[in-house]
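Notes follow the structure.
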Amino acid sequence: MFFMSRQAALLQLEEEETDYRKKLRENNKIVSDAERRKRMSVSSTDDSAMVDKMFGYLELEETASNIDGFDTSIPKLEEEDDISEYTFSKFAATYFQSTHVIHHVRKEIKIPLLLHENDGDKMAALAVWLTILRFMGDLPEPKPKEDINKMDTKPVMTKIYDTLGRTYKSKKQIEDKFNTKSKRRLASTKKKLISMTLKKQSKLTGEVADKLRNEEDYDGNENFMLIDRPTSNLEKLHFIMGNGILRPSIRTEIYCQICKQLTQNKSRSSHARGWILMSLCVGCFAPDDNFEKYLRNFIRSGPPNYAPYCDSRMRRTFANGARTQPPSWLELQATKSKKPIMLPITFMDGTTKTLLADSATTAKELCDVLADKINLEDKFGFSLFIALLDKVSSLGQGTDHVMDAISQCEQYAKEQGAQEKNAPWRLFYRKEIFTPWHDATLDETSTGLIYQQIVRGVKFGEYRCQNDNEMAQVCSKQYYIDYGTELQSNKIDNALASYLPDRAISQQKGLRFWSEKLQKCHKEAMYVRERWEPRRVREDVVTQAKFQWPLMFSRFFEAYHVAGPSLAKDRCVVAVNWTGVYFMDEDEKVLLEVPYAEITGIAVTSGTPHKIKGKCFTLSSARGNSRTFASINSEDITELISDFVEGLKERSRFVIALHDSNRRDTDEVNIMPYKKGDLFELDKPAGKNFTSVGWRSGANERNGRTGEFPTDGVYILPTMSAPPSELVTIFSMSPVELEEQFRNMMSQTQKDEDSEPYTLEEYSIDFFRSPLQQTMSRAPTSRRGKEKLWCHSRDMLKQPLLKKIIHDNDMVQEGIAIFLAIMKYMGDYPTKKTQQGSEITDQIFEAPLKYEILKDEVYCQIMRQLTKNKNGYSEERGWELMWLATGIFAPSNQLLPHLQKFLSTRRNNILANDCFFRYQRPIRHGQRKYPPHVVEVEAIQNRTTQIFHKIYFPDDTSEAFEVESCTKAKDFCKSIANRLRLKSADGFSLFVKIGDKVISVPEGDFFFDFVRHLTDWIRRAKPTADGGISTLTYQVFFMKKLWAGTVPGRDPNADNMFHFYQEKQKYLRGYHKLTKEEAFQIAALLFRAKHGDDKTQVSNIPRMLKELAPLHCLRQASPDDWKKRIIFYYNKNPLRNREEAKLTFLKSIYKWPTFGSAFFEVRQTTDQSYPENLVIAINKHGVSLIDPKTKAILNTYPFTKISNWSSGNTYFHMTIGSLVRGNKLLCETAMGYKMDDLLTSYISLLLNAIRERSKRRL
């Protein structure tokens, strides 16, 4: 209801405020009417009607009057002493300058009421006087200028900022300064009011702070501080109170002006407006101590309908301090109704609570009420945040005024061209910072709120997971909390849609991909196996977030480095979180990191020695150096860091000896000897009163001795874990050694800072062609001239870069085409056609893989487009190309050192750092034969430098294994074998299945090269009807290929996962010759291998016979006979488990000559002594010919007898004996490629074995 009425009021307000000149005329009419009725008594008049007329643009919401039932953040105030003797007339007689009277007047004044030394304050006081008179209706508005209809979007506060800290020597300077049409001033406006970036604290900006430090002077005739156009009431209020806020020295002046105009004021309208102005001012700032009691007495003697209200507001302002922003639209509405302000605050679980507030309400007051409302015990770190559109700013949980932030939002809305009252701000209550000792198990309410904040933050991109596995784990934990252990596809899809950020769902990674990821995480998760309570899983999510995103849970402050060892930049942002203190620049680059264990002191210091008004803070480190920073939040920073350091010391178990032990003390049995710098681990945490105890027990990490030591001779390290050895060493160093170490560290840091990113400028002098004169370019006219071949450009190349290829016309055309493809990929060249998969990368890398001379050209073109590239998207895409290039081939030895320097000076970029290590791999492993596979391209486009490929196994299981661009099949097999704990990878191979073809990957081929070659081959063989690019899916299997050294029982893991399932499949196809009893025995073994000791499945034997015996064997007995014989052998040979049954099966098959064979059904007509239909078995013995009917082996040809073989799409040809007189066998088969590959592999294995034996003999 509140939101609906608020929106309705806002719509109405927007219409009424658009024409404030019409309102101005109406207000002037009200003043005229008041003058005609000036004989009426002011004290007997009800001013409510006049207030409604004057603030007619503030439509009062009906729900605003109904405040019962809402919690309030406004504390009750106590009554104070009698101050009746402090009258305004007495103060005026004492302090007013001689020309002024005490009562109401309707004219300008030449000098301020009070004496001011500063000329700027004098000008401001006179400008405020005229504005007060115009606001109260005592002076008319200035005449509108010709451009009155042009909307002025510059906030009044910005204009007041422009008057601070300036030196004006002439009228011309003033006019130039305050010319509202100045483009330079207009461009900088947005930097003055609000720094509304993510969680960056918003106070007076550094620019304004600099202005306030400067001296002020003025030498002119006119008061250009005054706004010389008709203004709205809101603008007048902002001007009056803005000056009072930003110029503390004229606050009493402003109050005196208001009191003067309210004294003996016979105009009812003016009198009412004056008290409204008074009520708003006392809510923003207080006068100085001299005028405080006089003002309170004056207010108490005012109208009964405003005096108590103003008095309570002023006392609240005295209690909570002055505001930093003028009143917001909400405050004006509350002042009209004299009701508290209603603030809706949203929790991160989506619920909203509405609290009552006033102008002085602070973030702490609201946070305390909210915490009490929801029974939040662990309150620390929960703060109030305000959001405007996509900007979020922290108000903390301290003394910042909430209405200041709302007022800033309204001013920001005005900067954007909207009206102040239409600013769509929102307040949130969320976790801002963790303590170093945060324990998620202590407060379930706190953990619940943080958990909701994290999962929503992951959903909307605030918290980013590093890879898909981390994202899947977060989703799995959410799903477990929401749905438990049960996995249902419809629930998973709905859940993932609400869990995953939009950017995570793509064509390559749809809901099916994430569903499989979630289910895998769910099945492997400990919380699922152990059935954790949802509360415990939430605690785990919160703890993980604390460690994973420390900077996202930080409190941020603006600061300026003024003393101590230099930083790369003086203006910085201080980020304080549970791990330490970070100093960052505006690009969020960390300039300095100081862990709490290194902090030996922090204190608030004066800025006077550094010529700075305000306070500073000094941070001291164990490394012997101190740095001083200026910040308006110096006290807050110091308090926060001190609390963390002291809290860590109380909980710490680690202390450092500050000097050597006294020999006389160590004569005692229980007293431990030690040396300066020794690290002790206490038997219990240090606690609050560590030094008062006198003696404590602990263990010396250096010598392992335990005993007692005096507490006054050690320093408590503020850490909850063992400190690094480097830090311990620092405490044993002398000041001279510390200074030397620090000097070396700063020297190295300076070298790193001075090292500019390396470019090809020097290389281009010797190896690039001469630059061409640019006549037409996308560059600005002033920048045209000769092209810089070594840095980024969006212009097409007319010739390649390297002069060694410009004389070969074919290579020239290839080089230009490559650069065009690079520009398209990086987004530097517009293209209407949507590029699919690896289409563009093929255009870039195919030619250099064919022509060696183009490899350097490609590297130079990519490095060129990455040099001084100002477009972030283009640069990211360029690094993707560099990552792909360094994975497939290396440059020449001539260019290699330049590539190394180029990458080494850019290692702060994640992809550049990966490329720095990656470019050396093609040198060690050889270059690829084909361009990057689409899997590699999509991986790097999704910022994944680790590629995981799913591998399928014969037992119907699968696992994902990491595969790199330089991974060869042999290395991949070894990696898989190691993961599966196989004793050896010998005989195993990778097989790629595409469509109906299963092809073995040669062990010397790069894995992605083979897959790319195979998919291209099949794509060419089966083009699509429309001529487009067909999409081919494939699967990769890992299986036993060569069985030469396979003996059942030697490798149990291989037997269980591979040998059993592969041999079982061949056995059931009926290729082996065996007796009926052997078939019964093996059937019993297969039954036990599948069902173990579960005899309940015995009745189902007749229905599963096809899974237990070959078809030709099943015909030899009835199903009942099979069942009886299987049961007989099952009971006769009681094996302990399924693994023993599998092993016994393999041992039975191993006895046969066809064990480990690959069988191929063929048709032959060349040798009449053999049947037309044959089964060819290839195994370790050679090539066997088998009668498919009798299963008898007709002949076996050892590999030594096979002199030649070949294959095609429909045949396999083999020559046995010599090439001249040997027998030829020509077979019709579609498996010729498999037979060819298998025969080649076995013979290669045989030849390698012969060579090895020869070496051993030698």
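In the structure tokens, chains take the letters A, B, ... in the order shown, each chain's residues start at 1, and ligands count up from 1 in the order shown.
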
query: Could you pull out all residues of stretch 1068-1154 of chain A with a DSSP call of alpha helix (DSSP H) and give them as a PyMOL selection string?
result: chain A and resi 1068+1076-1091+1111-1114+1119-1132+1138-1150

Find the residues near A:Val992: any atom within 6 Å, counting only C-alpha atoms, skip ones fewer than 2 places away on the same chain, and give them as an mmCIF file with N, CA and C atoms, in the first residue's frame.
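File written: result.cif
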data_model
loop_
_atom_site.group_PDB
_atom_site.id
_atom_site.type_symbol
_atom_site.label_atom_id
_atom_site.label_comp_id
_atom_site.auth_asym_id
_atom_site.auth_seq_id
_atom_site.Cartn_x
_atom_site.Cartn_y
_atom_site.Cartn_z
ATOM 1 N N VAL A 998 34.452 -45.880 -35.423
ATOM 2 C CA VAL A 998 35.255 -45.814 -34.205
ATOM 3 C C VAL A 998 36.712 -45.968 -34.633
ATOM 4 N N ILE A 999 37.507 -44.921 -34.429
ATOM 5 C CA ILE A 999 38.868 -44.893 -34.958
ATOM 6 C C ILE A 999 39.850 -44.666 -33.821
ATOM 7 N N GLN A 1035 32.410 -38.924 -29.411
ATOM 8 C CA GLN A 1035 32.726 -39.422 -28.086
ATOM 9 C C GLN A 1035 34.128 -40.027 -28.111
ATOM 10 N N VAL A 1036 34.831 -39.915 -26.984
ATOM 11 C CA VAL A 1036 36.182 -40.464 -26.881
ATOM 12 C C VAL A 1036 36.170 -41.597 -25.860
#

- prompt: Can you tell me how far atom CA of A:Asn871 sits from atom CA of A:Asp828, in Å to one decimal?
  reply: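 Going from atom CA of A:Asn871 over to atom CA of A:Asp828 covers 9.1 Å.
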
- request: Skip A:Ser1207 itself and residues of its chain fewer than 3 positions away, then list as a ChimeraX atom specification all residues within 10 Å of it, counting only C-alpha atoms.
  value: /A:1210-1214,1226-1237

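Our summary of the geometry notes that atom CA of A:Leu370 is positioned 26.8 Å from atom CA of A:Cys310.
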
Selection near A:Tyr451, 12 Å with only C-alpha atoms, sequence-local residues under 3 positions removed, as number ranges by chain: A: 347-349, 430-431, 440, 444-448, 454-458, 474, 477-478, 481, 534-546

With a distance cut-off of 10 Å and only C-alpha atoms, select the neighbouring residues of A:Thr131, excluding the residue or stretch itself and same-chain residues fewer than 5 positions from it, and output the selection as an mmCIF file with N, CA, C and O atoms, in the first residue's frame.
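Resulting contents of result08.cif:
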data_model
loop_
_atom_site.group_PDB
_atom_site.id
_atom_site.type_symbol
_atom_site.label_atom_id
_atom_site.label_comp_id
_atom_site.auth_asym_id
_atom_site.auth_seq_id
_atom_site.Cartn_x
_atom_site.Cartn_y
_atom_site.Cartn_z
ATOM 1 N N ALA A 125 27.095 35.026 3.027
ATOM 2 C CA ALA A 125 26.078 35.497 3.967
ATOM 3 C C ALA A 125 25.090 36.433 3.296
ATOM 4 O O ALA A 125 23.868 36.350 3.529
ATOM 5 N N LEU A 126 25.575 37.316 2.437
ATOM 6 C CA LEU A 126 24.689 38.246 1.735
ATOM 7 C C LEU A 126 23.822 37.509 0.723
ATOM 8 O O LEU A 126 22.646 37.852 0.529
ATOM 9 N N MET A 136 10.868 33.435 1.788
ATOM 10 C CA MET A 136 9.784 33.843 2.679
ATOM 11 C C MET A 136 8.788 34.775 1.993
ATOM 12 O O MET A 136 7.766 35.156 2.590
ATOM 13 N N GLY A 137 9.066 35.154 0.737
ATOM 14 C CA GLY A 137 8.154 36.021 0.000
ATOM 15 C C GLY A 137 8.340 37.475 0.298
ATOM 16 O O GLY A 137 7.484 38.299 -0.062
ATOM 17 N N ASP A 138 9.439 37.849 0.914
ATOM 18 C CA ASP A 138 9.682 39.247 1.264
ATOM 19 C C ASP A 138 10.356 40.027 0.144
ATOM 20 O O ASP A 138 10.433 41.259 0.203
ATOM 21 N N LEU A 139 10.897 39.312 -0.848
ATOM 22 C CA LEU A 139 11.464 39.940 -2.044
ATOM 23 C C LEU A 139 10.986 39.161 -3.260
ATOM 24 O O LEU A 139 10.825 37.927 -3.205
ATOM 25 N N GLU A 141 11.117 37.411 -7.082
ATOM 26 C CA GLU A 141 12.122 36.648 -7.826
ATOM 27 C C GLU A 141 12.803 37.547 -8.846
ATOM 28 O O GLU A 141 12.217 38.524 -9.325
ATOM 29 N N LEU A 226 25.107 34.474 -5.853
ATOM 30 C CA LEU A 226 23.655 34.439 -5.872
ATOM 31 C C LEU A 226 23.163 33.871 -7.198
ATOM 32 O O LEU A 226 23.707 34.191 -8.256
ATOM 33 N N ILE A 227 22.163 33.009 -7.143
ATOM 34 C CA ILE A 227 21.574 32.446 -8.355
ATOM 35 C C ILE A 227 20.644 33.498 -8.949
ATOM 36 O O ILE A 227 19.634 33.876 -8.335
ATOM 37 N N THR A 231 13.965 30.528 -9.110
ATOM 38 C CA THR A 231 14.276 29.171 -8.646
ATOM 39 C C THR A 231 13.084 28.578 -7.914
ATOM 40 O O THR A 231 12.223 29.310 -7.399
ATOM 41 N N ASN A 233 11.269 26.362 -4.816
ATOM 42 C CA ASN A 233 11.462 26.379 -3.365
ATOM 43 C C ASN A 233 12.538 25.381 -2.940
ATOM 44 O O ASN A 233 13.314 25.640 -2.016
ATOM 45 N N GLU A 235 15.161 24.469 -4.636
ATOM 46 C CA GLU A 235 16.479 25.017 -4.942
ATOM 47 C C GLU A 235 16.882 26.084 -3.924
ATOM 48 O O GLU A 235 18.046 26.165 -3.524
ATOM 49 N N LYS A 236 15.919 26.912 -3.506
ATOM 50 C CA LYS A 236 16.237 27.922 -2.498
ATOM 51 C C LYS A 236 16.682 27.264 -1.188
ATOM 52 O O LYS A 236 17.651 27.683 -0.551
ATOM 53 N N LEU A 237 15.939 26.237 -0.780
ATOM 54 C CA LEU A 237 16.299 25.544 0.461
ATOM 55 C C LEU A 237 17.685 24.923 0.355
ATOM 56 O O LEU A 237 18.484 24.981 1.297
ATOM 57 N N PHE A 239 20.114 25.954 -1.446
ATOM 58 C CA PHE A 239 21.127 27.011 -1.430
ATOM 59 C C PHE A 239 21.373 27.507 -0.008
ATOM 60 O O PHE A 239 22.522 27.670 0.416
ATOM 61 N N ILE A 240 20.307 27.741 0.736
ATOM 62 C CA ILE A 240 20.453 28.263 2.101
ATOM 63 C C ILE A 240 21.178 27.249 2.981
ATOM 64 O O ILE A 240 22.174 27.550 3.647
#

task: Taking the DSSP assignment computed from this structure's backbone, write out as number ranges by chain all residues of stretch 839-1031 of chain A that belong to strand (DSSP E or B).
output: A: 948-952, 958-962, 968, 988-994, 997-1000, 1006

Next, write the just-selected residues to a file, as a PDB file, in the first residue's frame, keeping N, CA, C and O atoms as the atom set.
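The new file result39.pdb reads:
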ATOM      1  N   PHE A 948      38.604 -29.610 -20.029  1.00  0.00           N
ATOM      2  CA  PHE A 948      38.338 -30.946 -19.511  1.00  0.00           C
ATOM      3  C   PHE A 948      37.500 -31.708 -20.539  1.00  0.00           C
ATOM      4  O   PHE A 948      36.478 -31.205 -21.012  1.00  0.00           O
ATOM      5  N   HIS A 949      37.969 -32.891 -20.883  1.00  0.00           N
ATOM      6  CA  HIS A 949      37.297 -33.699 -21.893  1.00  0.00           C
ATOM      7  C   HIS A 949      36.756 -34.965 -21.236  1.00  0.00           C
ATOM      8  O   HIS A 949      37.445 -35.622 -20.462  1.00  0.00           O
ATOM      9  N   LYS A 950      35.529 -35.300 -21.574  1.00  0.00           N
ATOM     10  CA  LYS A 950      34.931 -36.504 -21.006  1.00  0.00           C
ATOM     11  C   LYS A 950      35.429 -37.727 -21.758  1.00  0.00           C
ATOM     12  O   LYS A 950      35.413 -37.766 -22.990  1.00  0.00           O
ATOM     13  N   ILE A 951      35.856 -38.738 -21.006  1.00  0.00           N
ATOM     14  CA  ILE A 951      36.352 -39.996 -21.567  1.00  0.00           C
ATOM     15  C   ILE A 951      35.447 -41.124 -21.082  1.00  0.00           C
ATOM     16  O   ILE A 951      35.156 -41.229 -19.889  1.00  0.00           O
ATOM     17  N   TYR A 952      35.008 -41.963 -22.020  1.00  0.00           N
ATOM     18  CA  TYR A 952      34.099 -43.074 -21.704  1.00  0.00           C
ATOM     19  C   TYR A 952      34.899 -44.376 -21.588  1.00  0.00           C
ATOM     20  O   TYR A 952      35.898 -44.573 -22.289  1.00  0.00           O
ATOM     21  N   SER A 958      32.238 -42.865 -17.011  1.00  0.00           N
ATOM     22  CA  SER A 958      32.992 -41.824 -17.704  1.00  0.00           C
ATOM     23  C   SER A 958      33.583 -40.879 -16.673  1.00  0.00           C
ATOM     24  O   SER A 958      33.069 -40.754 -15.558  1.00  0.00           O
ATOM     25  N   GLU A 959      34.658 -40.192 -17.053  1.00  0.00           N
ATOM     26  CA  GLU A 959      35.288 -39.180 -16.210  1.00  0.00           C
ATOM     27  C   GLU A 959      35.832 -38.080 -17.100  1.00  0.00           C
ATOM     28  O   GLU A 959      36.115 -38.295 -18.283  1.00  0.00           O
ATOM     29  N   ALA A 960      35.972 -36.879 -16.519  1.00  0.00           N
ATOM     30  CA  ALA A 960      36.525 -35.747 -17.252  1.00  0.00           C
ATOM     31  C   ALA A 960      38.012 -35.621 -16.937  1.00  0.00           C
ATOM     32  O   ALA A 960      38.412 -35.651 -15.769  1.00  0.00           O
ATOM     33  N   PHE A 961      38.830 -35.477 -17.962  1.00  0.00           N
ATOM     34  CA  PHE A 961      40.272 -35.359 -17.811  1.00  0.00           C
ATOM     35  C   PHE A 961      40.737 -34.076 -18.495  1.00  0.00           C
ATOM     36  O   PHE A 961      40.209 -33.693 -19.543  1.00  0.00           O
ATOM     37  N   GLU A 962      41.723 -33.427 -17.880  1.00  0.00           N
ATOM     38  CA  GLU A 962      42.251 -32.202 -18.478  1.00  0.00           C
ATOM     39  C   GLU A 962      43.125 -32.550 -19.675  1.00  0.00           C
ATOM     40  O   GLU A 962      43.951 -33.462 -19.620  1.00  0.00           O
ATOM     41  N   LYS A 968      49.567 -35.058 -26.434  1.00  0.00           N
ATOM     42  CA  LYS A 968      49.563 -36.125 -27.427  1.00  0.00           C
ATOM     43  C   LYS A 968      48.804 -37.327 -26.872  1.00  0.00           C
ATOM     44  O   LYS A 968      48.642 -37.471 -25.654  1.00  0.00           O
ATOM     45  N   PHE A 988      46.873 -49.777 -24.117  1.00  0.00           N
ATOM     46  CA  PHE A 988      45.654 -48.980 -24.113  1.00  0.00           C
ATOM     47  C   PHE A 988      45.726 -47.903 -25.189  1.00  0.00           C
ATOM     48  O   PHE A 988      46.802 -47.437 -25.567  1.00  0.00           O
ATOM     49  N   SER A 989      44.560 -47.493 -25.635  1.00  0.00           N
ATOM     50  CA  SER A 989      44.505 -46.476 -26.678  1.00  0.00           C
ATOM     51  C   SER A 989      43.216 -45.676 -26.549  1.00  0.00           C
ATOM     52  O   SER A 989      42.246 -46.110 -25.916  1.00  0.00           O
ATOM     53  N   LEU A 990      43.247 -44.499 -27.160  1.00  0.00           N
ATOM     54  CA  LEU A 990      42.045 -43.664 -27.254  1.00  0.00           C
ATOM     55  C   LEU A 990      41.330 -43.966 -28.557  1.00  0.00           C
ATOM     56  O   LEU A 990      41.974 -44.133 -29.603  1.00  0.00           O
ATOM     57  N   PHE A 991      40.029 -44.027 -28.518  1.00  0.00           N
ATOM     58  CA  PHE A 991      39.203 -44.270 -29.692  1.00  0.00           C
ATOM     59  C   PHE A 991      38.174 -43.153 -29.814  1.00  0.00           C
ATOM     60  O   PHE A 991      37.517 -42.805 -28.820  1.00  0.00           O
ATOM     61  N   VAL A 992      38.063 -42.592 -31.002  1.00  0.00           N
ATOM     62  CA  VAL A 992      37.084 -41.536 -31.248  1.00  0.00           C
ATOM     63  C   VAL A 992      35.933 -42.130 -32.047  1.00  0.00           C
ATOM     64  O   VAL A 992      36.132 -42.713 -33.117  1.00  0.00           O
ATOM     65  N   LYS A 993      34.716 -41.948 -31.526  1.00  0.00           N
ATOM     66  CA  LYS A 993      33.526 -42.458 -32.194  1.00  0.00           C
ATOM     67  C   LYS A 993      32.751 -41.290 -32.781  1.00  0.00           C
ATOM     68  O   LYS A 993      32.288 -40.400 -32.072  1.00  0.00           O
ATOM     69  N   ILE A 994      32.645 -41.272 -34.100  1.00  0.00           N
ATOM     70  CA  ILE A 994      31.842 -40.263 -34.799  1.00  0.00           C
ATOM     71  C   ILE A 994      30.886 -41.008 -35.724  1.00  0.00           C
ATOM     72  O   ILE A 994      31.307 -41.714 -36.639  1.00  0.00           O
ATOM     73  N   LYS A 997      31.500 -44.758 -37.039  1.00  0.00           N
ATOM     74  CA  LYS A 997      32.917 -45.088 -37.127  1.00  0.00           C
ATOM     75  C   LYS A 997      33.595 -44.911 -35.773  1.00  0.00           C
ATOM     76  O   LYS A 997      33.347 -43.943 -35.054  1.00  0.00           O
ATOM     77  N   VAL A 998      34.452 -45.880 -35.423  1.00  0.00           N
ATOM     78  CA  VAL A 998      35.255 -45.814 -34.205  1.00  0.00           C
ATOM     79  C   VAL A 998      36.712 -45.968 -34.633  1.00  0.00           C
ATOM     80  O   VAL A 998      37.105 -47.019 -35.142  1.00  0.00           O
ATOM     81  N   ILE A 999      37.507 -44.921 -34.429  1.00  0.00           N
ATOM     82  CA  ILE A 999      38.868 -44.893 -34.958  1.00  0.00           C
ATOM     83  C   ILE A 999      39.850 -44.666 -33.821  1.00  0.00           C
ATOM     84  O   ILE A 999      39.642 -43.805 -32.961  1.00  0.00           O
ATOM     85  N   SER A1000      40.924 -45.455 -33.843  1.00  0.00           N
ATOM     86  CA  SER A1000      41.958 -45.347 -32.823  1.00  0.00           C
ATOM     87  C   SER A1000      42.824 -44.126 -33.083  1.00  0.00           C
ATOM     88  O   SER A1000      43.180 -43.829 -34.222  1.00  0.00           O
ATOM     89  N   PHE A1006      48.844 -35.294 -31.806  1.00  0.00           N
ATOM     90  CA  PHE A1006      48.197 -34.420 -30.837  1.00  0.00           C
ATOM     91  C   PHE A1006      46.712 -34.758 -30.788  1.00  0.00           C
ATOM     92  O   PHE A1006      46.082 -34.943 -31.832  1.00  0.00           O
TER      93      PHE A1006
END

Select from stretch 1073-1165 of chain A every residue with an atom at most 12 Å from any atom of stretch 1181-1190 of chain A, then for each give the shortest pair of atoms and their distance in Å to one decimal, using only C-alpha atoms, rows by chain and rising number, as a tab-separated table.
residue	atom	partner	partner_atom	distance
A:Lys1073	CA	A:Thr1190	CA	7.6
A:Leu1074	CA	A:Thr1190	CA	10.2
A:Thr1075	CA	A:Thr1190	CA	11.6
A:His1112	CA	A:Lys1189	CA	9.2
A:Cys1113	CA	A:Thr1190	CA	11.6
A:Trp1152	CA	A:His1181	CA	11.7
A:Pro1153	CA	A:His1181	CA	8.1
A:Thr1154	CA	A:Ser1184	CA	8.5
A:Phe1155	CA	A:His1181	CA	9.9
A:Gly1156	CA	A:His1181	CA	9.9
A:Ser1157	CA	A:His1181	CA	9.2
A:Ala1158	CA	A:Val1183	CA	9.8
A:Phe1159	CA	A:Ser1184	CA	9.4
A:Phe1160	CA	A:Leu1185	CA	9.9
A:Glu1161	CA	A:Pro1188	CA	8.3
A:Val1162	CA	A:Pro1188	CA	10.0
A:Arg1163	CA	A:Pro1188	CA	11.0
A:Gln1164	CA	A:Leu1185	CA	11.2

Can you tell me, as a PDB file with N, CA, C and O atoms, in the first residue's frame, what residues are no more than 8 Å from A:Trp129 when counting only C-alpha atoms, ignoring any on the same chain fewer than 2 positions away?
ATOM      1  N   GLU A 108      17.385  44.490   0.930  1.00  0.00           N
ATOM      2  CA  GLU A 108      18.733  43.940   0.942  1.00  0.00           C
ATOM      3  C   GLU A 108      19.561  44.603   2.034  1.00  0.00           C
ATOM      4  O   GLU A 108      19.252  45.704   2.493  1.00  0.00           O
ATOM      5  N   ILE A 109      20.622  43.916   2.442  1.00  0.00           N
ATOM      6  CA  ILE A 109      21.562  44.488   3.408  1.00  0.00           C
ATOM      7  C   ILE A 109      22.937  44.577   2.759  1.00  0.00           C
ATOM      8  O   ILE A 109      23.276  43.770   1.877  1.00  0.00           O
ATOM      9  N   ALA A 125      27.095  35.026   3.027  1.00  0.00           N
ATOM     10  CA  ALA A 125      26.078  35.497   3.967  1.00  0.00           C
ATOM     11  C   ALA A 125      25.090  36.433   3.296  1.00  0.00           C
ATOM     12  O   ALA A 125      23.868  36.350   3.529  1.00  0.00           O
ATOM     13  N   LEU A 126      25.575  37.316   2.437  1.00  0.00           N
ATOM     14  CA  LEU A 126      24.689  38.246   1.735  1.00  0.00           C
ATOM     15  C   LEU A 126      23.822  37.509   0.723  1.00  0.00           C
ATOM     16  O   LEU A 126      22.646  37.852   0.529  1.00  0.00           O
ATOM     17  N   ALA A 127      24.403  36.499   0.043  1.00  0.00           N
ATOM     18  CA  ALA A 127      23.620  35.720  -0.917  1.00  0.00           C
ATOM     19  C   ALA A 127      22.530  34.920  -0.214  1.00  0.00           C
ATOM     20  O   ALA A 127      21.402  34.806  -0.703  1.00  0.00           O
ATOM     21  N   THR A 131      18.319  35.077  -0.556  1.00  0.00           N
ATOM     22  CA  THR A 131      17.585  33.831  -0.823  1.00  0.00           C
ATOM     23  C   THR A 131      16.538  33.586   0.256  1.00  0.00           C
ATOM     24  O   THR A 131      15.432  33.111  -0.038  1.00  0.00           O
ATOM     25  N   ILE A 132      16.871  33.880   1.521  1.00  0.00           N
ATOM     26  CA  ILE A 132      15.890  33.724   2.604  1.00  0.00           C
ATOM     27  C   ILE A 132      14.693  34.647   2.366  1.00  0.00           C
ATOM     28  O   ILE A 132      13.541  34.242   2.514  1.00  0.00           O
ATOM     29  N   LEU A 133      14.971  35.899   1.988  1.00  0.00           N
ATOM     30  CA  LEU A 133      13.873  36.836   1.732  1.00  0.00           C
ATOM     31  C   LEU A 133      13.001  36.373   0.576  1.00  0.00           C
ATOM     32  O   LEU A 133      11.770  36.483   0.623  1.00  0.00           O
ATOM     33  N   ILE A 254      23.256  32.455   9.522  1.00  0.00           N
ATOM     34  CA  ILE A 254      22.006  32.026   8.893  1.00  0.00           C
ATOM     35  C   ILE A 254      20.875  31.982   9.915  1.00  0.00           C
ATOM     36  O   ILE A 254      19.753  32.451   9.656  1.00  0.00           O
ATOM     37  N   GLN A 257      19.765  35.438  10.753  1.00  0.00           N
ATOM     38  CA  GLN A 257      18.942  36.012   9.682  1.00  0.00           C
ATOM     39  C   GLN A 257      17.507  35.500   9.762  1.00  0.00           C
ATOM     40  O   GLN A 257      16.546  36.260   9.605  1.00  0.00           O
TER      41      GLN A 257
END

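Here atom CA of A:Ile716 is placed at a distance of 24.1 Å from atom CA of A:Ala575.
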
query: Which residues, written as a list in words, have at least one atom at most 9 Å from A:Pro303, with only C-alpha atoms counted and residues fewer than 4 positions away on the same chain left out?
result: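 My list of contacting residues is Ser43, Trp275, Ile299, Ala307 and Pro308 of chain A.
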
query: Using only C-alpha atoms, which of the listed residues (A:Ala495, A:Ser249, A:Arg134, A:Ser515) sits closest to A:Asp119?
result: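 Among the listed residues, the smallest separation from A:Asp119 belongs to A:Ser249.
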